[in-house]
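Asks: Before we start, here is the structure in question, set down as structure tokens.
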Amino acid sequence: MQVRTAMSYRTDYLFSLIGLLVQVFLLTVVWRSVYHGRDTVSGIDLSAQLAYTTIGTVQYWLFSPWTFSIVPERVRTGRIAVDLVRPLPFLGQITAAQVGLTAGVAPFAVLALPIAILIGGAAAPGSVLAGFAYGLSFVLAYCLATLFGAVVGMVAFWTTEVSGFFMLYRMVGQFLAGALVPLWFMPGWLSALAYVFPFQAMNYTPLAIYLGRDHGGRIVVDLGVQVGWLALAAGLLLLVWSRALRRVISQGG
Amino acid sequence: MLREFRMYAVLLRAAMRGQLQYRANIALVTIGGFAYQGVGLAFLWVIVSRFGALGGWSLTDIALLYGMRLTSHGVWAMPSAQVLLIDLAIREGEFDRYLVRPVNPLIQLLTRMFPIQTISDLLGGVIVLTAAASASDVRWAIGTVGFLIAGIIGGALVEFAIYLAVSSLSFRVVQARSPMLVAGTIMQTAGPYPQPIFPSAVRAVLTFVVPVAFIAYLPASALLRRSAEIPYADWLGYAAPAAGLLLALAAYRLWMRQLRHYAGPGN
């Protein structure tokens, strides 16, 4: 169903793609400019940095749909009441909706990738193993982004004025996920801070694996951290949901 | 003309009263807006602190540019961001009502609602600008402060002109939202960057086609005594405020002219 919803905003997504490509262009212009006359900085050469930017921007775009949770809209319109009596558990419904939304926009990301590569640049994965590990890490990162999005979306059960809060989550998340600057260029304290939050596991980790920056045993650690965050996110979602459900009942009267 | 401004002030105040009822929401939206603008600045800060400079511009230079762009954006957006919703006003039949009332339809469009999310732009812009201005080695005197203010107002007028010109499409082809979003993305993304980093073709487009350079880059270069790096004419930086005024007037004339072709939302 959400696939259809996403498709009915085709023109909006097409224009959002222009925004995505402008972003790729701008970021790569910035990297080309600062790399002028240098070979490698922090062990990363320009072509690897451009690949990071191109693949990362498209990947991040795919992982962060405009509506990262359908809950606020359901609560505001009261459709939540109908959702709750459906035979499918509510958490299953919102997860399915989110996956559907991604499936709907995925063709746009596939369309954007070659153009983005043309503007920015690409690199083959660091090794065959890195390629496979990237695939695994990519899936985990998507699950993480979706689950945390669901947790944050639950805020709608407590307040209907969610736009400011969501913007804060999205922007802090974007930065700490390494969607603009990879963690390896951040000052030490900032990257240490980024590692405390789950956001890096939603975007940076698969990219670091892909480029071979994280290799060997480090890949296992990376994937382990992602799985750990995933377990935590699932637990958090169940906890918040059980509280939220009580709120619905108390409001229902 | 004076009457028009008075009408505008009265209607804007009424719209503000309506929106300012929801204080907690305003605070949250403003914090969200700060986060949005802050991330852009944080990106530049990380880059410059890692690589030393960007396009030859130091961190304080870039912060001044960023602050000027954001303040201009706030000065534009607070009173006139509603132009972005022209499609909606037309589709809902609201615009038809504007035409039968004895007030300029553009004024009615701009005052249909007060956009609270723009508070953070102006406030954030002034904060960044103040910090950057005191850290910068520009010698602040009546002349430079006066030019800074003129540059900011000129920048707001350029942004106004671009949006207004694009919005007039909606009198002819019904949908102006997407082209306006694209124009907005270009201004938002390219606006706060020192232009020497761009390839020369892109620079030309940003100066003469979508005149983003006039919003903040050109006046900031003049203030920072960097006019020599402007490839076309080094006086362009000083001319930016006047260019803003001329562009805004031209866009207004275009808008009024296109309005004559308006034939209603189609039912």
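Labels for the structure tokens follow display order: chains A, B, ..., residues from 1 in each chain, ligands from 1.
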With only C-alpha atoms as the counted atoms, please give the residues lying no more than 9 Å from segment 66-80 of chain B, apart from itself and same-chain residues fewer than 3 positions off, as JSON, numbers by chain.
Replies: {"B": [12, 37, 41, 61, 62, 63, 83, 84, 107, 109, 110, 111, 114, 115, 116, 117, 118, 119, 120, 121, 122, 123, 124, 125, 126, 127, 128, 129, 130, 131, 132, 133, 148, 151, 152, 153, 154, 155, 156, 157, 158, 159, 160, 188, 191, 192, 193, 215, 216, 217, 219, 220]}
Asks: Show which residues sit within 10 Å of Gln226 of chain A, as a list in words. Count only C-alpha atoms, and ignore same-chain residues fewer than 2 positions away.
Replies: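 Residues meeting the cut-off are Ser137, Leu140, Ala141, Cys143, Leu144, Pro198, Gln200, Ala201, Met202, Thr205, Pro206, Val220, Val221, Asp222, Leu223, Gly224, Gly228, Trp229, Leu230, Ala231 and Leu232 of chain A.
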Asks: Could you save the residues just selected, with C-alpha atoms, as a PDB file, in the first residue's frame?
Replies:
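The resulting out_19.pdb:
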```
ATOM      1  CA  SER A 137      26.083  -4.203   6.674  1.00  0.00           C
ATOM      2  CA  LEU A 140      21.611  -4.052   8.963  1.00  0.00           C
ATOM      3  CA  ALA A 141      21.980  -0.280   8.555  1.00  0.00           C
ATOM      4  CA  CYS A 143      16.937  -2.117   9.623  1.00  0.00           C
ATOM      5  CA  LEU A 144      18.545   0.144  12.219  1.00  0.00           C
ATOM      6  CA  PRO A 198      23.753   4.594  16.835  1.00  0.00           C
ATOM      7  CA  GLN A 200      27.151   5.910  12.470  1.00  0.00           C
ATOM      8  CA  ALA A 201      25.949   2.282  12.304  1.00  0.00           C
ATOM      9  CA  MET A 202      23.091   3.431  10.028  1.00  0.00           C
ATOM     10  CA  THR A 205      29.717   1.588   8.896  1.00  0.00           C
ATOM     11  CA  PRO A 206      28.717   0.008   5.556  1.00  0.00           C
ATOM     12  CA  VAL A 220      33.318  -8.547  12.418  1.00  0.00           C
ATOM     13  CA  VAL A 221      33.370  -5.919  15.168  1.00  0.00           C
ATOM     14  CA  ASP A 222      31.411  -3.488  12.936  1.00  0.00           C
ATOM     15  CA  LEU A 223      28.730  -6.024  12.146  1.00  0.00           C
ATOM     16  CA  GLY A 224      28.576  -7.019  15.823  1.00  0.00           C
ATOM     17  CA  GLY A 228      23.920  -4.954  19.130  1.00  0.00           C
ATOM     18  CA  TRP A 229      22.258  -1.643  18.253  1.00  0.00           C
ATOM     19  CA  LEU A 230      19.555  -3.538  16.403  1.00  0.00           C
ATOM     20  CA  ALA A 231      18.748  -5.607  19.500  1.00  0.00           C
ATOM     21  CA  LEU A 232      18.699  -2.459  21.608  1.00  0.00           C
TER      22      LEU A 232
END
```
Asks: Quick one: which residues from chain B are at most 10 Å off chain A, using only C-alpha atoms, as a PyMOL selection string?
Replies: chain B and resi 22+24-40+42-56+117+177-179+181-186+189-190+193-194+196-199
Asks: What is the atom CA of Glu73 of chain A to atom CA of Phe157 of chain A distance in Å?
Replies: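 A separation of 10.7 Å between them.
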Asks: Could you find all residues in segment 1-245 of chain A that DSSP calls alpha helix (DSSP H) from the backbone, and write them as number ranges by chain?
Replies: A: 2-7, 10-35, 46-63, 71-77, 80-85, 90-119, 128-153, 163-176, 188-196, 200-210, 217-245
Asks: Could you tell me how far atom CA of Pro241 of chain B sits from atom CA of Arg203 of chain B, in Å to one decimal place?
Replies: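 So the two atoms, atom CA of Arg203 of chain B and atom CA of Pro241 of chain B, lie 19.1 Å apart.
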Asks: With distances taken over only C-alpha atoms, which residue among B:Leu247, B:Ile149, B:Val103, B:Ala239 lies nearest Val10 of chain B?
Replies: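 For Val10 of chain B, the nearest of the candidates is B:Val103.
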Asks: Would you write out, as JSON lines, a table of all residues in segment 136-229 of chain A that have an atom no more than 12 Å from an atom of segment 101-113 of chain A, listing for each the closest atom pair and the distance in Å to one decimal, considering only C-alpha atoms and ordering rows by chain and rising residue number?
Replies:
```
{"residue": "A:Tyr142", "atom": "CA", "partner": "A:Thr102", "partner_atom": "CA", "distance": 9.8}
{"residue": "A:Cys143", "atom": "CA", "partner": "A:Thr102", "partner_atom": "CA", "distance": 11.4}
{"residue": "A:Ala145", "atom": "CA", "partner": "A:Thr102", "partner_atom": "CA", "distance": 11.6}
{"residue": "A:Thr146", "atom": "CA", "partner": "A:Thr102", "partner_atom": "CA", "distance": 9.8}
```
Asks: Wanna dump the segment 152-191 of chain A-segment 211-218 of chain A contacts at 12 Å for me, each residue with its shortest atom pair and the distance in Å to one decimal, counting only C-alpha atoms, ordered by chain and number, as JSON lines?
Replies:
```
{"residue": "A:Pro182", "atom": "CA", "partner": "A:Arg213", "partner_atom": "CA", "distance": 11.3}
{"residue": "A:Leu183", "atom": "CA", "partner": "A:Arg213", "partner_atom": "CA", "distance": 11.3}
{"residue": "A:Trp184", "atom": "CA", "partner": "A:Arg213", "partner_atom": "CA", "distance": 9.6}
```
Asks: Need the shell around Leu91 of chain A: protein/DNA/RNA residues with any atom at most 12 Å away, counting only C-alpha atoms. Skip same-chain ones fewer than 6 positions apart. Format as a ChimeraX atom specification?
Replies: /A:69-71,80,83-84,97-98,146-147,150-151,153-154,234,237-242,244-245
Asks: If I take atom CA of Trp189 of chain A and atom CA of Ala130 of chain A, how far is one from the other in Å, to one decimal?
Replies: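 Going from atom CA of Trp189 of chain A over to atom CA of Ala130 of chain A covers 27.8 Å.
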Asks: Find, counting only C-alpha atoms, the residue in B:Leu88, B:Pro211, B:Gln108, B:Pro102 that gets nearest to Ala9 of chain B.
Replies: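 That would be B:Gln108, the residue with the smallest distance to Ala9 of chain B.
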Asks: Name the residues in contact with Gly121 of chain A at a cut-off of 9 Å, using only C-alpha atoms, excluding same-chain residues fewer than 4 positions from it; report them as a PDB file with N, CA and C atoms, in the first residue's frame.
Replies:
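Result file follows (out_24.pdb):
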```pdb
ATOM      1  N   THR A  28      31.016  17.014  -3.782  1.00  0.00           N
ATOM      2  CA  THR A  28      32.226  16.611  -4.508  1.00  0.00           C
ATOM      3  C   THR A  28      33.047  17.838  -4.925  1.00  0.00           C
ATOM      4  N   SER A  47      39.860   9.891  -4.742  1.00  0.00           N
ATOM      5  CA  SER A  47      38.859   9.059  -5.415  1.00  0.00           C
ATOM      6  C   SER A  47      38.052   8.251  -4.396  1.00  0.00           C
ATOM      7  N   ALA A  48      38.692   7.802  -3.312  1.00  0.00           N
ATOM      8  CA  ALA A  48      37.948   7.082  -2.275  1.00  0.00           C
ATOM      9  C   ALA A  48      36.952   8.026  -1.595  1.00  0.00           C
ATOM     10  N   GLN A  49      37.389   9.259  -1.360  1.00  0.00           N
ATOM     11  CA  GLN A  49      36.500  10.227  -0.709  1.00  0.00           C
ATOM     12  C   GLN A  49      35.302  10.554  -1.611  1.00  0.00           C
ATOM     13  N   LEU A  50      35.544  10.664  -2.921  1.00  0.00           N
ATOM     14  CA  LEU A  50      34.440  10.946  -3.843  1.00  0.00           C
ATOM     15  C   LEU A  50      33.472   9.763  -3.892  1.00  0.00           C
ATOM     16  N   ALA A  51      34.026   8.543  -3.857  1.00  0.00           N
ATOM     17  CA  ALA A  51      33.164   7.361  -3.861  1.00  0.00           C
ATOM     18  C   ALA A  51      32.321   7.333  -2.586  1.00  0.00           C
ATOM     19  N   TYR A  52      32.961   7.642  -1.464  1.00  0.00           N
ATOM     20  CA  TYR A  52      32.240   7.691  -0.192  1.00  0.00           C
ATOM     21  C   TYR A  52      31.059   8.651  -0.302  1.00  0.00           C
ATOM     22  N   THR A  53      31.338   9.837  -0.853  1.00  0.00           N
ATOM     23  CA  THR A  53      30.318  10.871  -0.946  1.00  0.00           C
ATOM     24  C   THR A  53      29.170  10.436  -1.853  1.00  0.00           C
ATOM     25  N   THR A  54      29.516   9.879  -3.022  1.00  0.00           N
ATOM     26  CA  THR A  54      28.486   9.510  -3.984  1.00  0.00           C
ATOM     27  C   THR A  54      27.608   8.381  -3.466  1.00  0.00           C
ATOM     28  N   ILE A  55      28.258   7.271  -3.090  1.00  0.00           N
ATOM     29  CA  ILE A  55      27.474   6.117  -2.628  1.00  0.00           C
ATOM     30  C   ILE A  55      26.750   6.478  -1.336  1.00  0.00           C
ATOM     31  N   ALA A 116      24.631  10.047 -10.277  1.00  0.00           N
ATOM     32  CA  ALA A 116      25.441  10.533  -9.160  1.00  0.00           C
ATOM     33  C   ALA A 116      26.896  10.115  -9.346  1.00  0.00           C
ATOM     34  N   ILE A 117      27.106   8.892  -9.835  1.00  0.00           N
ATOM     35  CA  ILE A 117      28.474   8.414 -10.056  1.00  0.00           C
ATOM     36  C   ILE A 117      29.160   9.247 -11.139  1.00  0.00           C
TER      37      ILE A 117
END
```
